[in-house]
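Novice: If it helps, the file is called work.cif and holds mmCIF, C-alpha atoms:
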data_query
#
loop_
_atom_site.label_atom_id
_atom_site.label_comp_id
_atom_site.auth_asym_id
_atom_site.auth_seq_id
_atom_site.Cartn_x
_atom_site.Cartn_y
_atom_site.Cartn_z
CA MET A 118 112.06 9.19 237.49
CA GLN A 119 111.17 9.52 233.83
CA ILE A 120 109.31 12.68 232.84
CA ALA A 121 105.95 11.70 231.29
CA THR A 122 105.47 12.18 227.55
CA LYS A 123 102.25 14.07 228.35
CA GLU A 124 104.15 16.69 230.37
CA LEU A 125 106.73 17.16 227.62
CA GLN A 126 104.03 17.37 224.97
CA THR A 127 102.14 20.01 226.99
CA LEU A 128 105.31 22.09 227.26
CA ALA A 129 105.95 21.75 223.52
CA ALA A 130 102.36 22.85 222.85
CA SER A 131 102.88 25.91 225.07
CA VAL A 132 106.03 26.81 223.12
CA VAL A 133 104.12 26.57 219.82
CA PHE A 134 101.16 28.50 221.25
CA GLU A 135 103.29 31.35 222.65
CA CYS A 136 105.34 31.63 219.46
CA LYS A 137 102.18 31.72 217.36
CA LEU A 138 100.69 34.39 219.61
CA LYS A 139 103.76 36.62 219.23
CA LYS A 140 104.28 35.68 215.57
CA TYR A 141 107.75 34.28 216.22
CA THR A 142 109.39 31.51 214.25
CA LEU A 143 111.41 28.72 215.84
CA SER A 144 114.24 26.33 214.95
CA CYS A 145 116.34 23.71 216.79
CA ALA A 146 119.93 22.47 216.66
CA GLU A 147 120.07 19.17 218.50
CA SER A 148 123.12 17.10 219.20
CA ALA A 149 122.58 14.94 222.28
CA THR A 150 118.77 14.92 222.10
CA GLY A 151 119.01 13.60 218.54
CA GLY A 152 115.80 15.11 217.15
CA PHE A 153 113.61 14.49 220.19
CA ALA A 154 112.81 18.18 220.81
CA SER A 155 111.92 18.69 217.13
CA HIS A 156 109.76 15.55 217.24
CA LEU A 157 107.82 16.87 220.26
CA ILE A 158 107.31 20.27 218.64
CA THR A 159 106.15 18.78 215.34
CA ASN A 160 103.64 16.60 217.20
CA VAL A 161 101.73 19.79 218.03
CA PRO A 162 98.93 20.58 215.53
CA GLY A 163 99.70 23.89 213.78
CA SER A 164 103.43 23.71 214.56
CA SER A 165 104.24 24.25 210.88
CA GLN A 166 103.15 27.90 211.28
CA VAL A 167 105.96 28.37 213.80
CA PHE A 168 108.63 25.70 213.35
CA VAL A 169 110.88 26.33 210.34
CA GLY A 170 113.13 23.33 210.89
CA GLY A 171 115.93 21.73 212.82
CA VAL A 172 119.33 20.17 212.49
CA VAL A 173 120.32 16.98 214.27
CA CYS A 174 124.00 17.87 214.39
CA TYR A 175 125.06 14.62 216.03
CA SER A 176 128.68 14.62 214.82
CA ALA A 177 131.30 17.37 214.65
CA PHE A 178 131.09 16.95 210.86
CA ALA A 179 127.37 17.75 210.88
CA LYS A 180 127.91 20.77 213.14
CA GLN A 181 130.42 22.15 210.66
CA HIS A 182 128.69 21.25 207.42
CA THR A 183 125.10 22.16 208.24
CA LEU A 184 125.46 25.08 210.69
CA ASP A 185 128.95 26.32 209.76
CA VAL A 186 130.33 25.82 213.28
CA ASP A 187 134.03 26.70 213.14
CA PHE A 188 136.27 23.63 213.46
CA ASP A 189 138.57 25.65 215.77
CA THR A 190 135.70 26.24 218.21
CA ILE A 191 135.13 22.50 218.46
CA THR A 192 138.82 21.61 218.84
CA GLU A 193 139.54 24.42 221.32
CA PHE A 194 136.49 24.14 223.59
CA GLY A 195 135.02 20.76 222.62
CA ALA A 196 131.72 19.86 220.96
CA ILE A 197 130.18 19.85 224.43
CA SER A 198 130.80 23.40 225.54
CA LYS A 199 129.16 26.76 226.01
CA GLU A 200 131.14 28.11 223.04
CA THR A 201 129.92 25.40 220.63
CA THR A 202 126.34 25.90 221.86
CA LYS A 203 126.68 29.62 221.06
CA ALA A 204 128.06 28.76 217.61
CA LEU A 205 125.10 26.43 216.98
CA LEU A 206 122.69 29.26 217.85
CA GLU A 207 124.53 31.59 215.48
CA GLY A 208 124.40 28.92 212.75
CA LEU A 209 120.66 28.52 213.27
CA LYS A 210 120.07 32.27 212.91
CA GLU A 211 122.11 32.28 209.72
CA LYS A 212 120.59 29.16 208.11
CA MET A 213 117.03 29.14 209.44
CA GLY A 214 116.57 32.86 210.05
CA THR A 215 114.17 32.27 212.94
CA ASP A 216 113.27 34.61 215.82
CA ILE A 217 113.89 31.89 218.41
CA GLY A 218 116.61 29.23 218.31
CA ILE A 219 117.18 26.25 220.59
CA ALA A 220 120.61 24.57 220.71
CA ILE A 221 121.45 21.44 222.67
CA THR A 222 124.77 19.65 223.06
CA GLY A 223 125.86 17.19 225.73
CA ILE A 224 126.22 13.54 226.69
CA ALA A 225 123.09 11.40 226.93
CA GLY A 226 124.80 8.06 226.24
CA SER A 227 126.87 5.94 228.59
CA ILE A 228 130.31 6.88 227.30
CA PRO A 229 132.05 10.03 228.64
CA ILE A 230 133.17 12.34 225.82
CA GLU A 231 136.04 14.86 225.84
CA GLY A 232 136.71 13.83 229.45
CA LYS A 233 133.32 15.28 230.35
CA PRO A 234 130.79 13.37 232.43
CA ARG A 235 127.62 11.65 231.31
CA GLY A 236 124.56 13.84 231.86
CA LEU A 237 126.38 17.11 231.17
CA MET A 238 124.23 19.22 228.86
CA TYR A 239 124.42 22.73 227.48
CA VAL A 240 121.05 24.17 226.55
CA GLY A 241 120.97 27.47 224.70
CA VAL A 242 118.16 29.72 223.59
CA SER A 243 118.54 32.70 221.30
CA THR A 244 115.76 35.25 221.25
CA LEU A 245 115.75 38.07 218.73
CA ASP A 246 118.33 40.71 219.61
CA LEU A 247 118.95 39.63 223.19
CA ASP A 248 122.22 37.87 223.96
CA PRO A 249 121.76 34.10 223.91
CA PHE A 250 120.95 32.35 227.16
CA ILE A 251 123.01 29.24 227.75
CA GLU A 252 122.73 27.01 230.80
CA GLU A 253 125.04 24.20 231.90
CA CYS A 254 122.99 21.31 233.28
CA HIS A 255 123.85 18.03 234.96
CA PHE A 256 121.21 15.36 234.54
CA GLU A 257 121.04 11.80 235.79
CA GLY A 258 119.37 8.62 234.61
CA SER A 259 119.19 6.54 231.44
CA ARG A 260 119.81 7.91 227.95
CA GLN A 261 116.06 8.40 227.47
CA GLU A 262 115.66 10.07 230.86
CA ILE A 263 118.49 12.50 230.12
CA LYS A 264 117.00 13.30 226.69
CA ARG A 265 113.64 14.01 228.36
CA GLN A 266 115.07 16.25 231.09
CA THR A 267 117.01 18.18 228.45
CA ALA A 268 113.98 18.73 226.21
CA LYS A 269 111.98 19.88 229.24
CA LYS A 270 114.72 22.32 230.22
CA ALA A 271 114.90 23.72 226.67
CA PHE A 272 111.13 24.29 226.44
CA GLU A 273 111.03 25.91 229.89
CA MET A 274 113.88 28.23 228.92
CA VAL A 275 112.08 29.26 225.72
CA LEU A 276 108.86 29.95 227.64
CA ARG A 277 110.72 31.96 230.29
CA HIS A 278 112.44 34.09 227.71
CA LEU A 279 109.32 34.58 225.62
CA GLU A 280 107.84 36.39 228.62
CA ARG A 281 110.69 38.91 228.45
CA ILE A 282 110.50 39.86 224.79
CA MET B 18 96.53 0.47 215.49
CA GLN B 19 99.60 2.27 216.76
CA ILE B 20 102.93 0.55 216.15
CA ALA B 21 104.62 -0.09 219.49
CA THR B 22 107.69 1.97 220.40
CA LYS B 23 109.51 -1.30 221.16
CA GLU B 24 109.02 -2.53 217.58
CA LEU B 25 110.28 0.76 216.13
CA GLN B 26 113.23 0.80 218.50
CA THR B 27 114.16 -2.77 217.53
CA LEU B 28 114.10 -1.80 213.85
CA ALA B 29 116.25 1.28 214.53
CA ALA B 30 118.71 -0.92 216.44
CA SER B 31 118.88 -3.30 213.46
CA VAL B 32 119.63 -0.38 211.13
CA VAL B 33 122.47 0.78 213.42
CA PHE B 34 123.77 -2.80 213.80
CA GLU B 35 123.78 -3.52 210.06
CA CYS B 36 125.41 -0.19 209.22
CA LYS B 37 128.09 -0.76 211.86
CA LEU B 38 128.73 -4.26 210.53
CA LYS B 39 129.23 -2.95 207.00
CA LYS B 40 131.01 0.23 208.14
CA TYR B 41 128.40 2.47 206.54
CA THR B 42 127.44 5.91 207.77
CA LEU B 43 123.87 7.17 207.88
CA SER B 44 121.96 10.47 207.77
CA CYS B 45 118.30 11.54 207.65
CA ALA B 46 116.30 14.34 206.04
CA GLU B 47 112.92 14.46 207.74
CA SER B 48 110.04 16.69 206.87
CA ALA B 49 106.76 15.11 207.97
CA THR B 50 108.28 12.87 210.66
CA GLY B 51 109.83 15.97 212.25
CA GLY B 52 112.91 14.32 213.80
CA PHE B 53 111.23 11.12 214.98
CA ALA B 54 113.39 8.77 212.87
CA SER B 55 116.58 10.53 214.04
CA HIS B 56 115.34 10.33 217.63
CA LEU B 57 114.78 6.55 217.35
CA ILE B 58 118.21 6.01 215.79
CA THR B 59 120.00 8.12 218.41
CA ASN B 60 118.28 6.15 221.18
CA VAL B 61 120.39 3.15 220.12
CA PRO B 62 123.63 2.81 222.12
CA GLY B 63 126.61 3.18 219.78
CA SER B 64 124.59 5.04 217.12
CA SER B 65 127.19 7.83 217.09
CA GLN B 66 129.56 5.45 215.26
CA VAL B 67 127.08 5.30 212.38
CA PHE B 68 124.76 8.32 212.47
CA VAL B 69 126.40 11.52 211.22
CA GLY B 70 123.32 13.70 211.57
CA GLY B 71 119.98 14.76 210.24
CA VAL B 72 117.98 17.70 209.03
CA VAL B 73 114.40 18.36 210.08
CA CYS B 74 113.51 20.20 206.90
CA TYR B 75 109.97 21.02 207.99
CA SER B 76 109.47 24.08 205.78
CA ALA B 77 110.32 24.77 202.13
CA PHE B 78 112.77 27.38 203.48
CA ALA B 79 114.63 24.73 205.51
CA LYS B 80 114.73 22.36 202.53
CA GLN B 81 116.39 25.06 200.45
CA HIS B 82 118.71 26.52 203.06
CA THR B 83 120.02 23.39 204.71
CA LEU B 84 120.01 20.83 201.88
CA ASP B 85 120.13 23.13 198.85
CA VAL B 86 116.89 21.80 197.37
CA ASP B 87 116.16 23.83 194.26
CA PHE B 88 113.22 26.21 194.72
CA ASP B 89 112.02 25.30 191.21
CA THR B 90 111.76 21.61 192.18
CA ILE B 91 109.46 22.55 195.06
CA THR B 92 107.31 24.94 193.03
CA GLU B 93 107.06 22.62 190.03
CA PHE B 94 106.43 19.28 191.78
CA GLY B 95 105.55 20.33 195.33
CA ALA B 96 107.36 19.76 198.63
CA ILE B 97 105.51 16.44 198.85
CA SER B 98 106.71 14.69 195.74
CA LYS B 99 109.09 12.06 194.47
CA GLU B 100 111.25 14.78 192.91
CA THR B 101 111.68 16.72 196.17
CA THR B 102 112.46 13.45 198.01
CA LYS B 103 115.20 12.77 195.44
CA ALA B 104 116.55 16.30 195.90
CA LEU B 105 116.62 15.80 199.69
CA LEU B 106 118.66 12.61 199.23
CA GLU B 107 121.08 14.44 196.94
CA GLY B 108 121.36 17.27 199.50
CA LEU B 109 122.12 14.75 202.24
CA LYS B 110 124.93 13.17 200.18
CA GLU B 111 126.38 16.61 199.53
CA LYS B 112 126.12 17.96 203.11
CA MET B 113 126.49 14.85 205.26
CA GLY B 114 128.55 12.70 202.89
CA THR B 115 127.06 9.47 204.25
CA ASP B 116 126.86 6.06 202.59
CA ILE B 117 123.15 5.74 203.39
CA GLY B 118 120.57 8.52 203.35
CA ILE B 119 116.93 8.49 204.42
CA ALA B 120 114.54 11.20 203.17
CA ILE B 121 110.93 11.59 204.24
CA THR B 122 108.34 14.09 203.07
CA GLY B 123 104.56 13.92 203.35
CA ILE B 124 101.50 14.91 205.35
CA ALA B 125 101.13 13.63 208.91
CA GLY B 126 98.91 16.47 210.15
CA SER B 127 95.23 16.98 209.59
CA ILE B 128 95.44 19.64 206.88
CA PRO B 129 95.82 18.58 203.23
CA ILE B 130 98.80 20.31 201.56
CA GLU B 131 99.29 21.11 197.86
CA GLY B 132 95.91 19.46 197.23
CA LYS B 133 97.43 16.16 198.35
CA PRO B 134 95.74 13.91 200.89
CA ARG B 135 96.62 13.39 204.53
CA GLY B 136 98.73 10.26 205.04
CA LEU B 137 100.54 10.58 201.71
CA MET B 138 104.25 9.99 202.33
CA TYR B 139 107.32 9.68 200.13
CA VAL B 140 110.09 7.65 201.72
CA GLY B 141 113.45 7.59 199.98
CA VAL B 142 116.66 5.70 200.66
CA SER B 143 119.95 6.34 198.91
CA THR B 144 122.58 3.67 199.11
CA LEU B 145 126.09 4.26 197.80
CA ASP B 146 126.16 4.25 194.01
CA LEU B 147 122.79 2.62 193.44
CA ASP B 148 119.96 4.81 192.22
CA PRO B 149 117.83 6.04 195.12
CA PHE B 150 114.79 4.01 196.08
CA ILE B 151 111.67 6.09 196.61
CA GLU B 152 108.29 4.70 197.60
CA GLU B 153 104.94 6.49 197.64
CA CYS B 154 102.94 5.40 200.69
CA HIS B 155 99.42 6.06 201.92
CA PHE B 156 99.03 5.74 205.66
CA GLU B 157 96.02 6.17 207.91
CA GLY B 158 95.48 7.19 211.52
CA SER B 159 96.45 10.04 213.82
CA ARG B 160 99.49 12.27 213.30
CA GLN B 161 101.51 10.08 215.67
CA GLU B 162 100.34 6.86 214.00
CA ILE B 163 101.32 8.18 210.57
CA LYS B 164 104.76 9.27 211.89
CA ARG B 165 105.27 5.77 213.32
CA GLN B 166 104.23 3.94 210.15
CA THR B 167 106.55 6.17 208.13
CA ALA B 168 109.57 5.61 210.40
CA LYS B 169 108.91 1.85 210.27
CA LYS B 170 108.74 1.94 206.47
CA ALA B 171 112.00 3.93 206.26
CA PHE B 172 113.90 1.52 208.52
CA GLU B 173 112.55 -1.53 206.66
CA MET B 174 113.61 0.01 203.34
CA VAL B 175 117.12 0.66 204.66
CA LEU B 176 117.41 -2.92 205.96
CA ARG B 177 116.14 -4.35 202.66
CA HIS B 178 118.61 -2.34 200.63
CA LEU B 179 121.52 -3.04 202.98
CA GLU B 180 121.10 -6.70 202.03
CA ARG B 181 121.74 -5.80 198.40
CA ILE B 182 124.94 -3.81 198.76
#
As structure tokens, what does this structure read like?
Specialist:
Amino acid sequence: MQIATKELQTLAASVVFECKLKKYTLSCAESATGGFASHLITNVPGSSQVFVGGVVCYSAFAKQHTLDVDFDTITEFGAISKETTKALLEGLKEKMGTDIGIAITGIAGSIPIEGKPRGLMYVGVSTLDLDPFIEECHFEGSRQEIKRQTAKKAFEMVLRHLERI
Amino acid sequence: MQIATKELQTLAASVVFECKLKKYTLSCAESATGGFASHLITNVPGSSQVFVGGVVCYSAFAKQHTLDVDFDTITEFGAISKETTKALLEGLKEKMGTDIGIAITGIAGSIPIEGKPRGLMYVGVSTLDLDPFIEECHFEGSRQEIKRQTAKKAFEMVLRHLERI
């Protein structure tokens, strides 16, 4: 079942609200969600006070050239891996300098990549000086449904970790 | 009136199809649309063969740190200007190395910026060795309606210019 846009938009608004309350800035590195999380965040009025920017690092080339992800990390572990997700979060901190970072990499389309199954997603959140939180998820459904489940997961992870800092 | 998602998705599919046909790669720099154009493109099956990546350069900081836009360009002309749009396209060529670049900057939200009116948008397209094409647009409606009109404009500009190269 497809998650309703309204539910996703409410979660994005909560992320913006909580960040604003705590005076935290936010950025996103999106591979498989292709800009969808950033789009939802920037739909929220006042998001520009919180959201510094994002990178849609769809290809390995973009991961390397915009967020300085090491080529060896991608070749050794794959673009869809916990290690690459961690490298994306580090790249975000370096380039965007935000308090909170969201990184997403996985397979939303119909073609398996790196011998990994469709619906596999790594969602990572970095929060200030805490170690990054990275979860491996397995979603089902169409490309759009997988994108929606992933964005929901990312926003819920941010909200959960904002309670702890 | 809000442009239907189906219409936007059809246009994005045409952009991917035409780029694939001509073996061109594509990237986006999005400020005011906040990742929406990238999201529509990456919804198209097979877009990974064409779309290298994008930058959601929402803040001046992101414009400088991800696409090397000169701080002086932003202070002299404003983030919402033809000159900054041109600088975003140049940054895309440098960082993403794609044949086609889309750059969008403007005001979709309800607060005027730099003394410029809500709905003002600059949409730029760079195509290989041709000079970039930049159009100043004035859209009306809600934040979402303005984002949609801008994405439509960007895709139509790409399609028009793909016919010429």
Novice: Would you pick out the contacts of Phe78 (chain B) at 10 Å or less, using only C-alpha atoms, so that residues sharing its chain but fewer than 2 positions from it are not included, and give the list as a PyMOL selection string?
Specialist: (chain A and resi 169-170+212-214) or (chain B and resi 74-76+80-86+88)
Novice: Residues of the last selection are to be written out with C-alpha atoms, as an mmCIF file, in the frame of the given file.
Specialist:
data_model
loop_
_atom_site.group_PDB
_atom_site.id
_atom_site.type_symbol
_atom_site.label_atom_id
_atom_site.label_comp_id
_atom_site.auth_asym_id
_atom_site.auth_seq_id
_atom_site.Cartn_x
_atom_site.Cartn_y
_atom_site.Cartn_z
ATOM 1 C CA VAL A 169 110.880 26.330 210.340
ATOM 2 C CA GLY A 170 113.130 23.330 210.890
ATOM 3 C CA LYS A 212 120.590 29.160 208.110
ATOM 4 C CA MET A 213 117.030 29.140 209.440
ATOM 5 C CA GLY A 214 116.570 32.860 210.050
ATOM 6 C CA CYS B 74 113.510 20.200 206.900
ATOM 7 C CA TYR B 75 109.970 21.020 207.990
ATOM 8 C CA SER B 76 109.470 24.080 205.780
ATOM 9 C CA LYS B 80 114.730 22.360 202.530
ATOM 10 C CA GLN B 81 116.390 25.060 200.450
ATOM 11 C CA HIS B 82 118.710 26.520 203.060
ATOM 12 C CA THR B 83 120.020 23.390 204.710
ATOM 13 C CA LEU B 84 120.010 20.830 201.880
ATOM 14 C CA ASP B 85 120.130 23.130 198.850
ATOM 15 C CA VAL B 86 116.890 21.800 197.370
ATOM 16 C CA PHE B 88 113.220 26.210 194.720
#
Novice: Could you fit chain B onto chain A by least squares over every C-alpha atom, paired in order, and give me the moved chain as an mmCIF file with C-alpha atoms, keeping the file's coordinate frame?
Specialist:
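Wrote it out as out22.cif, contents follow:
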data_model
loop_
_atom_site.group_PDB
_atom_site.id
_atom_site.type_symbol
_atom_site.label_atom_id
_atom_site.label_comp_id
_atom_site.auth_asym_id
_atom_site.auth_seq_id
_atom_site.Cartn_x
_atom_site.Cartn_y
_atom_site.Cartn_z
ATOM 1 C CA MET B 18 112.053 9.181 237.488
ATOM 2 C CA GLN B 19 111.163 9.521 233.831
ATOM 3 C CA ILE B 20 109.290 12.673 232.843
ATOM 4 C CA ALA B 21 105.960 11.699 231.300
ATOM 5 C CA THR B 22 105.479 12.182 227.554
ATOM 6 C CA LYS B 23 102.252 14.069 228.333
ATOM 7 C CA GLU B 24 104.144 16.680 230.375
ATOM 8 C CA LEU B 25 106.727 17.167 227.617
ATOM 9 C CA GLN B 26 104.027 17.369 224.974
ATOM 10 C CA THR B 27 102.137 19.997 226.992
ATOM 11 C CA LEU B 28 105.307 22.086 227.265
ATOM 12 C CA ALA B 29 105.959 21.758 223.518
ATOM 13 C CA ALA B 30 102.365 22.842 222.849
ATOM 14 C CA SER B 31 102.885 25.903 225.070
ATOM 15 C CA VAL B 32 106.034 26.816 223.130
ATOM 16 C CA VAL B 33 104.125 26.568 219.821
ATOM 17 C CA PHE B 34 101.159 28.511 221.263
ATOM 18 C CA GLU B 35 103.295 31.343 222.651
ATOM 19 C CA CYS B 36 105.345 31.629 219.462
ATOM 20 C CA LYS B 37 102.178 31.718 217.355
ATOM 21 C CA LEU B 38 100.687 34.384 219.614
ATOM 22 C CA LYS B 39 103.759 36.585 219.232
ATOM 23 C CA LYS B 40 104.290 35.675 215.562
ATOM 24 C CA TYR B 41 107.750 34.271 216.233
ATOM 25 C CA THR B 42 109.390 31.498 214.261
ATOM 26 C CA LEU B 43 111.411 28.717 215.849
ATOM 27 C CA SER B 44 114.241 26.320 214.955
ATOM 28 C CA CYS B 45 116.337 23.714 216.790
ATOM 29 C CA ALA B 46 119.926 22.477 216.661
ATOM 30 C CA GLU B 47 120.070 19.176 218.507
ATOM 31 C CA SER B 48 123.118 17.111 219.195
ATOM 32 C CA ALA B 49 122.583 14.943 222.274
ATOM 33 C CA THR B 50 118.771 14.929 222.093
ATOM 34 C CA GLY B 51 119.026 13.601 218.528
ATOM 35 C CA GLY B 52 115.795 15.101 217.142
ATOM 36 C CA PHE B 53 113.609 14.502 220.195
ATOM 37 C CA ALA B 54 112.813 18.194 220.808
ATOM 38 C CA SER B 55 111.923 18.692 217.120
ATOM 39 C CA HIS B 56 109.772 15.557 217.245
ATOM 40 C CA LEU B 57 107.824 16.873 220.271
ATOM 41 C CA ILE B 58 107.304 20.274 218.641
ATOM 42 C CA THR B 59 106.144 18.780 215.333
ATOM 43 C CA ASN B 60 103.637 16.595 217.192
ATOM 44 C CA VAL B 61 101.729 19.795 218.028
ATOM 45 C CA PRO B 62 98.942 20.577 215.532
ATOM 46 C CA GLY B 63 99.693 23.875 213.784
ATOM 47 C CA SER B 64 103.432 23.706 214.562
ATOM 48 C CA SER B 65 104.229 24.253 210.872
ATOM 49 C CA GLN B 66 103.143 27.897 211.293
ATOM 50 C CA VAL B 67 105.955 28.376 213.809
ATOM 51 C CA PHE B 68 108.623 25.698 213.340
ATOM 52 C CA VAL B 69 110.872 26.319 210.332
ATOM 53 C CA GLY B 70 113.119 23.320 210.897
ATOM 54 C CA GLY B 71 115.927 21.739 212.811
ATOM 55 C CA VAL B 72 119.327 20.176 212.489
ATOM 56 C CA VAL B 73 120.329 16.982 214.265
ATOM 57 C CA CYS B 74 124.000 17.877 214.400
ATOM 58 C CA TYR B 75 125.059 14.619 216.029
ATOM 59 C CA SER B 76 128.673 14.620 214.830
ATOM 60 C CA ALA B 77 131.313 17.362 214.656
ATOM 61 C CA PHE B 78 131.098 16.947 210.859
ATOM 62 C CA ALA B 79 127.363 17.753 210.881
ATOM 63 C CA LYS B 80 127.915 20.766 213.145
ATOM 64 C CA GLN B 81 130.420 22.159 210.664
ATOM 65 C CA HIS B 82 128.667 21.254 207.433
ATOM 66 C CA THR B 83 125.099 22.164 208.255
ATOM 67 C CA LEU B 84 125.470 25.081 210.687
ATOM 68 C CA ASP B 85 128.950 26.321 209.774
ATOM 69 C CA VAL B 86 130.340 25.836 213.279
ATOM 70 C CA ASP B 87 134.022 26.708 213.158
ATOM 71 C CA PHE B 88 136.265 23.643 213.464
ATOM 72 C CA ASP B 89 138.569 25.641 215.763
ATOM 73 C CA THR B 90 135.701 26.257 218.216
ATOM 74 C CA ILE B 91 135.140 22.504 218.472
ATOM 75 C CA THR B 92 138.821 21.620 218.827
ATOM 76 C CA GLU B 93 139.547 24.410 221.304
ATOM 77 C CA PHE B 94 136.493 24.130 223.587
ATOM 78 C CA GLY B 95 135.014 20.759 222.623
ATOM 79 C CA ALA B 96 131.711 19.859 220.958
ATOM 80 C CA ILE B 97 130.178 19.855 224.443
ATOM 81 C CA SER B 98 130.799 23.397 225.555
ATOM 82 C CA LYS B 99 129.167 26.763 226.003
ATOM 83 C CA GLU B 100 131.141 28.106 223.036
ATOM 84 C CA THR B 101 129.933 25.398 220.630
ATOM 85 C CA THR B 102 126.341 25.904 221.868
ATOM 86 C CA LYS B 103 126.688 29.619 221.056
ATOM 87 C CA ALA B 104 128.065 28.768 217.610
ATOM 88 C CA LEU B 105 125.108 26.427 216.984
ATOM 89 C CA LEU B 106 122.693 29.249 217.852
ATOM 90 C CA GLU B 107 124.522 31.597 215.487
ATOM 91 C CA GLY B 108 124.407 28.926 212.749
ATOM 92 C CA LEU B 109 120.666 28.515 213.273
ATOM 93 C CA LYS B 110 120.074 32.276 212.900
ATOM 94 C CA GLU B 111 122.127 32.278 209.715
ATOM 95 C CA LYS B 112 120.586 29.155 208.111
ATOM 96 C CA MET B 113 117.030 29.133 209.449
ATOM 97 C CA GLY B 114 116.575 32.862 210.058
ATOM 98 C CA THR B 115 114.176 32.270 212.956
ATOM 99 C CA ASP B 116 113.279 34.605 215.815
ATOM 100 C CA ILE B 117 113.894 31.882 218.407
ATOM 101 C CA GLY B 118 116.599 29.225 218.312
ATOM 102 C CA ILE B 119 117.180 26.250 220.594
ATOM 103 C CA ALA B 120 120.609 24.561 220.708
ATOM 104 C CA ILE B 121 121.440 21.441 222.683
ATOM 105 C CA THR B 122 124.757 19.655 223.060
ATOM 106 C CA GLY B 123 125.849 17.185 225.724
ATOM 107 C CA ILE B 124 126.208 13.539 226.685
ATOM 108 C CA ALA B 125 123.087 11.386 226.950
ATOM 109 C CA GLY B 126 124.811 8.058 226.256
ATOM 110 C CA SER B 127 126.870 5.956 228.592
ATOM 111 C CA ILE B 128 130.320 6.894 227.294
ATOM 112 C CA PRO B 129 132.046 10.026 228.636
ATOM 113 C CA ILE B 130 133.179 12.338 225.801
ATOM 114 C CA GLU B 131 136.054 14.848 225.814
ATOM 115 C CA GLY B 132 136.710 13.822 229.428
ATOM 116 C CA LYS B 133 133.325 15.289 230.348
ATOM 117 C CA PRO B 134 130.793 13.389 232.432
ATOM 118 C CA ARG B 135 127.628 11.661 231.295
ATOM 119 C CA GLY B 136 124.553 13.843 231.839
ATOM 120 C CA LEU B 137 126.389 17.107 231.175
ATOM 121 C CA MET B 138 124.227 19.218 228.858
ATOM 122 C CA TYR B 139 124.426 22.741 227.476
ATOM 123 C CA VAL B 140 121.045 24.169 226.553
ATOM 124 C CA GLY B 141 120.974 27.462 224.689
ATOM 125 C CA VAL B 142 118.147 29.728 223.588
ATOM 126 C CA SER B 143 118.543 32.711 221.299
ATOM 127 C CA THR B 144 115.778 35.247 221.245
ATOM 128 C CA LEU B 145 115.758 38.087 218.731
ATOM 129 C CA ASP B 146 118.347 40.714 219.607
ATOM 130 C CA LEU B 147 118.970 39.645 223.186
ATOM 131 C CA ASP B 148 122.216 37.865 223.951
ATOM 132 C CA PRO B 149 121.759 34.091 223.888
ATOM 133 C CA PHE B 150 120.953 32.342 227.140
ATOM 134 C CA ILE B 151 123.028 29.235 227.757
ATOM 135 C CA GLU B 152 122.724 27.005 230.802
ATOM 136 C CA GLU B 153 125.043 24.201 231.895
ATOM 137 C CA CYS B 154 122.992 21.309 233.282
ATOM 138 C CA HIS B 155 123.848 18.031 234.972
ATOM 139 C CA PHE B 156 121.206 15.368 234.554
ATOM 140 C CA GLU B 157 121.025 11.802 235.801
ATOM 141 C CA GLY B 158 119.361 8.613 234.607
ATOM 142 C CA SER B 159 119.184 6.539 231.442
ATOM 143 C CA ARG B 160 119.809 7.911 227.947
ATOM 144 C CA GLN B 161 116.065 8.405 227.464
ATOM 145 C CA GLU B 162 115.651 10.070 230.867
ATOM 146 C CA ILE B 163 118.482 12.498 230.122
ATOM 147 C CA LYS B 164 116.980 13.310 226.680
ATOM 148 C CA ARG B 165 113.628 14.017 228.360
ATOM 149 C CA GLN B 166 115.067 16.242 231.091
ATOM 150 C CA THR B 167 116.995 18.187 228.458
ATOM 151 C CA ALA B 168 113.965 18.735 226.199
ATOM 152 C CA LYS B 169 111.962 19.879 229.243
ATOM 153 C CA LYS B 170 114.709 22.324 230.220
ATOM 154 C CA ALA B 171 114.890 23.715 226.661
ATOM 155 C CA PHE B 172 111.130 24.295 226.437
ATOM 156 C CA GLU B 173 111.019 25.911 229.895
ATOM 157 C CA MET B 174 113.881 28.228 228.918
ATOM 158 C CA VAL B 175 112.080 29.255 225.727
ATOM 159 C CA LEU B 176 108.849 29.946 227.645
ATOM 160 C CA ARG B 177 110.711 31.960 230.296
ATOM 161 C CA HIS B 178 112.454 34.091 227.711
ATOM 162 C CA LEU B 179 109.322 34.571 225.603
ATOM 163 C CA GLU B 180 107.860 36.383 228.612
ATOM 164 C CA ARG B 181 110.695 38.899 228.436
ATOM 165 C CA ILE B 182 110.503 39.865 224.781
#
Novice: Could you list, as a PyMOL selection string, every residue matched by the PyMOL selection byres ((chain B and resi 21) around 12) in this structure?
Specialist: chain B and resi 18-20+22-28+161-162+165-166+168-169
Novice: Using the chain letters and numbers from the file, which residues does the PyMOL selection byres ((chain A and resi 225) around 6) grab, as a ChimeraX atom specification?
Specialist: /A:149,224,226,236,260,263
Novice: May I ask which of the residues A:Ser131, A:Ile228, A:Thr190, A:Gly195 is the closest one to chain B, counting only C-alpha atoms?
Specialist: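 Among the listed residues, A:Ile228 lies closest to chain B.
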Novice: Let me know the residues the PyMOL selection byres ((chain A and resi 158-168) around 9) catches in the file above, as a PyMOL selection string.
Specialist: (chain A and resi 126-127+129-130+132-134+136-137+140-145+153-157+169-171+215) or (chain B and resi 49-52+75-76+126-127+160-161)
Novice: For a quick check of understanding, using all atoms listed in the file, which of A:Leu245, A:Ile191, A:Met274, A:Leu237 has the smallest distance to Lys210 (chain A)?
Specialist: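 Of the candidates, the smallest distance to Lys210 (chain A) is held by A:Leu245.
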